[in-house]
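J.: Handing you a structure now.
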Amino acid sequence: MRKSELTTYQKMTQRFYSQFVEHYLEYLLSPLGNVALSGLITDEERRGIVLFFSKQTTQTENHSIKLLQRVTQSDCAIEVYCEQIDETDVRNCLRKLLSVFSTLNDRAEAEGKALDDDDLPRLWIVVPSASGKLLDGFGAQLNLKNWPTGIYFLPNVFRLVIVAIDKLPMTAETLWLRILGKGETQRQAFIELWTLPETNEFRQKTIRLLTNWQTLLQEQDNLNQDEQELMMNWSLVDHLSK
């Protein structure tokens with residue numbers, strides 16, 4: 001395969017991933033509030049982007065997606081990358097986020113109001129893994145008093161969080177994010193998904209979404225290493241479940 005053809009193919013499969021992520025999160029989060037998909041997926045996209053607008057009423061029930069429920073306690077955006085990010089990616093996210101803050105502040109001033117930091121939406125960047133150098137460079141810190149390991153908060157003024165999926169504990173609370181991981185992290189999450197009771201409200205639809213994604217990949221030639229690994233993980237778990 002020529003370089004130009006390979007580049008085109010990689011962009012196409014990344015678009016499939018972005019579409020899967022958006023539909024997956026839309027399905028999980030819709031019971032908790034209003035979900036808007038980015039609608040901007042192009043051949044250049046490496047991520048799925050979801051905007052979440054919290055319901056006015058507080059969610060008090062013990063919802064089965066737990067950690068995602070906590071993430072969406074207030075208005076936020078969630079960006080899920082299919083690969084490790086670098087400093088430029090985080091800076092681009094910050095640039096877009098600061099632009100949103102400026103717009104919200106201008107709107108509040110026009111209405112004679114003042115916004116506190118906690119009134120601003122938070123951006124959650126979800127990645128398979130994040131290097132210590134990247135996290136240290138942006139001053140990202142764990143908040144183990146309130147959140148599990150793997151969730152790194154930048155200084156609150158930035159309203160940005162990096163979720164390193166491979167560092168999340170293997171608990172029921174983190175399952176729905178670990179499904180978006182790689183390698184052994186993802187394989188273990190698939191096994192846990194299959195072993196959930198069939199009465200679980202999210203089990204069957206998630207399995208169907210993953211199966212559809214696998215079908216799309218099966219129709220492509222020359223899968224890259226990540227895609228081959230995903231196919232192997234899903235096929236292995238599917239085989240073990242029969």
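Chain identifiers are assigned as A, B, and so on, following the order in which chains appear in the structure tokens; residues are numbered from 1 within each chain, and ligands are numbered from 1 in order of appearance.
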Quick check for you: according to DSSP on this backbone, which residues of stretch 121-202 of chain A are classed as strand (DSSP E or B)? Reply as a PDB file with N, CA and C atoms, in the first residue's frame.
T.:
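In the end it all went to states34.pdb:
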ATOM      1  N   ARG A 122     -16.563  22.038  32.170  1.00  0.00           N
ATOM      2  CA  ARG A 122     -15.274  21.354  32.260  1.00  0.00           C
ATOM      3  C   ARG A 122     -15.084  20.469  31.027  1.00  0.00           C
ATOM      4  N   LEU A 123     -13.853  20.376  30.556  1.00  0.00           N
ATOM      5  CA  LEU A 123     -13.527  19.495  29.443  1.00  0.00           C
ATOM      6  C   LEU A 123     -12.802  18.266  29.973  1.00  0.00           C
ATOM      7  N   TRP A 124     -13.319  17.086  29.632  1.00  0.00           N
ATOM      8  CA  TRP A 124     -12.720  15.819  30.026  1.00  0.00           C
ATOM      9  C   TRP A 124     -12.074  15.195  28.790  1.00  0.00           C
ATOM     10  N   ILE A 125     -10.755  15.067  28.804  1.00  0.00           N
ATOM     11  CA  ILE A 125     -10.029  14.424  27.707  1.00  0.00           C
ATOM     12  C   ILE A 125      -9.760  12.981  28.107  1.00  0.00           C
ATOM     13  N   VAL A 126     -10.305  12.039  27.362  1.00  0.00           N
ATOM     14  CA  VAL A 126     -10.177  10.616  27.668  1.00  0.00           C
ATOM     15  C   VAL A 126      -9.197   9.993  26.674  1.00  0.00           C
ATOM     16  N   VAL A 127      -8.115   9.400  27.192  1.00  0.00           N
ATOM     17  CA  VAL A 127      -7.063   8.846  26.338  1.00  0.00           C
ATOM     18  C   VAL A 127      -6.689   7.442  26.817  1.00  0.00           C
ATOM     19  N   GLN A 141      -2.887  16.805  38.421  1.00  0.00           N
ATOM     20  CA  GLN A 141      -2.761  16.110  39.698  1.00  0.00           C
ATOM     21  C   GLN A 141      -3.956  15.186  39.934  1.00  0.00           C
ATOM     22  N   LEU A 142      -3.694  14.086  40.647  1.00  0.00           N
ATOM     23  CA  LEU A 142      -4.771  13.212  41.092  1.00  0.00           C
ATOM     24  C   LEU A 142      -5.552  13.903  42.213  1.00  0.00           C
ATOM     25  N   ILE A 151      -7.412   9.724  36.974  1.00  0.00           N
ATOM     26  CA  ILE A 151      -8.115  10.955  36.618  1.00  0.00           C
ATOM     27  C   ILE A 151      -7.284  12.133  37.130  1.00  0.00           C
ATOM     28  N   TYR A 152      -6.752  12.909  36.184  1.00  0.00           N
ATOM     29  CA  TYR A 152      -5.774  13.950  36.500  1.00  0.00           C
ATOM     30  C   TYR A 152      -6.367  15.330  36.211  1.00  0.00           C
ATOM     31  N   PHE A 153      -6.415  16.168  37.236  1.00  0.00           N
ATOM     32  CA  PHE A 153      -7.001  17.494  37.126  1.00  0.00           C
ATOM     33  C   PHE A 153      -5.910  18.543  36.898  1.00  0.00           C
ATOM     34  N   LEU A 160     -10.003  21.634  33.028  1.00  0.00           N
ATOM     35  CA  LEU A 160      -9.669  20.540  32.117  1.00  0.00           C
ATOM     36  C   LEU A 160      -9.159  19.345  32.917  1.00  0.00           C
ATOM     37  N   VAL A 161      -9.606  18.155  32.512  1.00  0.00           N
ATOM     38  CA  VAL A 161      -9.220  16.906  33.184  1.00  0.00           C
ATOM     39  C   VAL A 161      -8.747  15.913  32.120  1.00  0.00           C
ATOM     40  N   ILE A 162      -7.671  15.198  32.433  1.00  0.00           N
ATOM     41  CA  ILE A 162      -7.180  14.137  31.556  1.00  0.00           C
ATOM     42  C   ILE A 162      -7.452  12.798  32.230  1.00  0.00           C
ATOM     43  N   VAL A 163      -8.183  11.929  31.539  1.00  0.00           N
ATOM     44  CA  VAL A 163      -8.496  10.597  32.057  1.00  0.00           C
ATOM     45  C   VAL A 163      -7.623   9.590  31.313  1.00  0.00           C
ATOM     46  N   ALA A 164      -6.661   8.987  32.017  1.00  0.00           N
ATOM     47  CA  ALA A 164      -5.789   7.956  31.448  1.00  0.00           C
ATOM     48  C   ALA A 164      -6.429   6.593  31.720  1.00  0.00           C
TER      49      ALA A 164
END
J.: Neighbours of A:Leu168 within 8 Å (only C-alpha atoms; same-chain residues fewer than 5 positions away dropped), as a compact mmCIF listing (two decimals) with C-alpha atoms, in the first residue's frame?
T.:
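Output contents, as saved in selection27.txt:
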# COMPACT_ATOMS: atom_id res chain seq x y z
CA PRO A 148 -10.19 7.18 41.53
CA THR A 149 -6.64 6.92 40.22
CA GLY A 150 -6.20 7.66 36.53
CA ILE A 151 -8.12 10.95 36.62
CA THR A 174 -14.90 2.50 35.60
CA ARG A 178 -12.25 1.14 30.17
J.: Which polymer residues have any atom within 7 Å of an atom of stretch 21-27 of chain A, counting only C-alpha atoms, with same-chain residues fewer than 4 positions away left out, as a list in words?
T.: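 That gives Tyr17, Val35, Leu37, Gly48, Ile49 and Val50 of chain A.
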J.: Those same residues - C-alpha atoms - I'd like them written as a compact mmCIF listing (two decimals), in the first residue's frame.
T.:
# COMPACT_ATOMS: atom_id res chain seq x y z
CA TYR A 17 -13.80 5.15 15.85
CA VAL A 35 -26.35 15.16 24.72
CA LEU A 37 -22.68 15.29 19.18
CA GLY A 48 -15.07 11.51 19.30
CA ILE A 49 -16.50 14.67 20.81
CA VAL A 50 -19.64 14.84 22.94
J.: Using only C-alpha atoms, which protein or nucleic acid residues come within 12 Å of A:Lys96? Drop anything in the same chain fewer than 4 positions from it, and give the result as a PyMOL selection string.
T.: chain A and resi 77+89-92+100-103+122-123+158-160
J.: Print the selection's residues with N, CA and C atoms to a file, as a JSON list (two decimals), in the first residue's frame.
T.:
[["chain", "number", "residue", "atom", "x", "y", "z"],
["A", 77, "ALA", "N", -17.82, 18.98, 28.25],
["A", 77, "ALA", "CA", -17.51, 18.36, 26.97],
["A", 77, "ALA", "C", -16.59, 17.19, 27.24],
["A", 89, "ASP", "N", -1.75, 18.66, 21.43],
["A", 89, "ASP", "CA", -3.18, 18.32, 21.53],
["A", 89, "ASP", "C", -3.82, 18.99, 22.74],
["A", 90, "VAL", "N", -3.14, 18.95, 23.88],
["A", 90, "VAL", "CA", -3.70, 19.56, 25.09],
["A", 90, "VAL", "C", -3.80, 21.07, 24.92],
["A", 91, "ARG", "N", -2.76, 21.68, 24.33],
["A", 91, "ARG", "CA", -2.82, 23.14, 24.10],
["A", 91, "ARG", "C", -3.99, 23.51, 23.19],
["A", 92, "ASN", "N", -4.24, 22.71, 22.17],
["A", 92, "ASN", "CA", -5.37, 22.98, 21.27],
["A", 92, "ASN", "C", -6.69, 22.88, 22.02],
["A", 100, "VAL", "N", -14.37, 29.36, 24.59],
["A", 100, "VAL", "CA", -15.72, 29.16, 25.13],
["A", 100, "VAL", "C", -15.91, 30.00, 26.39],
["A", 101, "PHE", "N", -14.90, 30.00, 27.27],
["A", 101, "PHE", "CA", -15.00, 30.79, 28.49],
["A", 101, "PHE", "C", -15.20, 32.28, 28.17],
["A", 102, "SER", "N", -14.46, 32.77, 27.17],
["A", 102, "SER", "CA", -14.57, 34.18, 26.80],
["A", 102, "SER", "C", -15.98, 34.51, 26.34],
["A", 103, "THR", "N", -16.56, 33.61, 25.54],
["A", 103, "THR", "CA", -17.92, 33.82, 25.06],
["A", 103, "THR", "C", -18.92, 33.83, 26.21],
["A", 122, "ARG", "N", -16.56, 22.04, 32.17],
["A", 122, "ARG", "CA", -15.27, 21.35, 32.26],
["A", 122, "ARG", "C", -15.08, 20.47, 31.03],
["A", 123, "LEU", "N", -13.85, 20.38, 30.56],
["A", 123, "LEU", "CA", -13.53, 19.50, 29.44],
["A", 123, "LEU", "C", -12.80, 18.27, 29.97],
["A", 158, "PHE", "N", -8.24, 26.18, 34.62],
["A", 158, "PHE", "CA", -8.32, 25.69, 33.24],
["A", 158, "PHE", "C", -9.55, 24.82, 32.98],
["A", 159, "ARG", "N", -10.14, 24.27, 34.04],
["A", 159, "ARG", "CA", -11.35, 23.44, 33.90],
["A", 159, "ARG", "C", -11.14, 22.27, 32.93],
["A", 160, "LEU", "N", -10.00, 21.63, 33.03],
["A", 160, "LEU", "CA", -9.67, 20.54, 32.12],
["A", 160, "LEU", "C", -9.16, 19.34, 32.92]]
J.: Name the residues of stretch 5-224 of chain A that fall into helix (DSSP H, G or I) according to DSSP on the backbone, using the chain letters and numbers of this document, as an MDAnalysis selection string.
T.: chainID A and resid 5:32 67:71 87:110 117:119 132:137 156:158 165:167 172:178 183:195 203:218
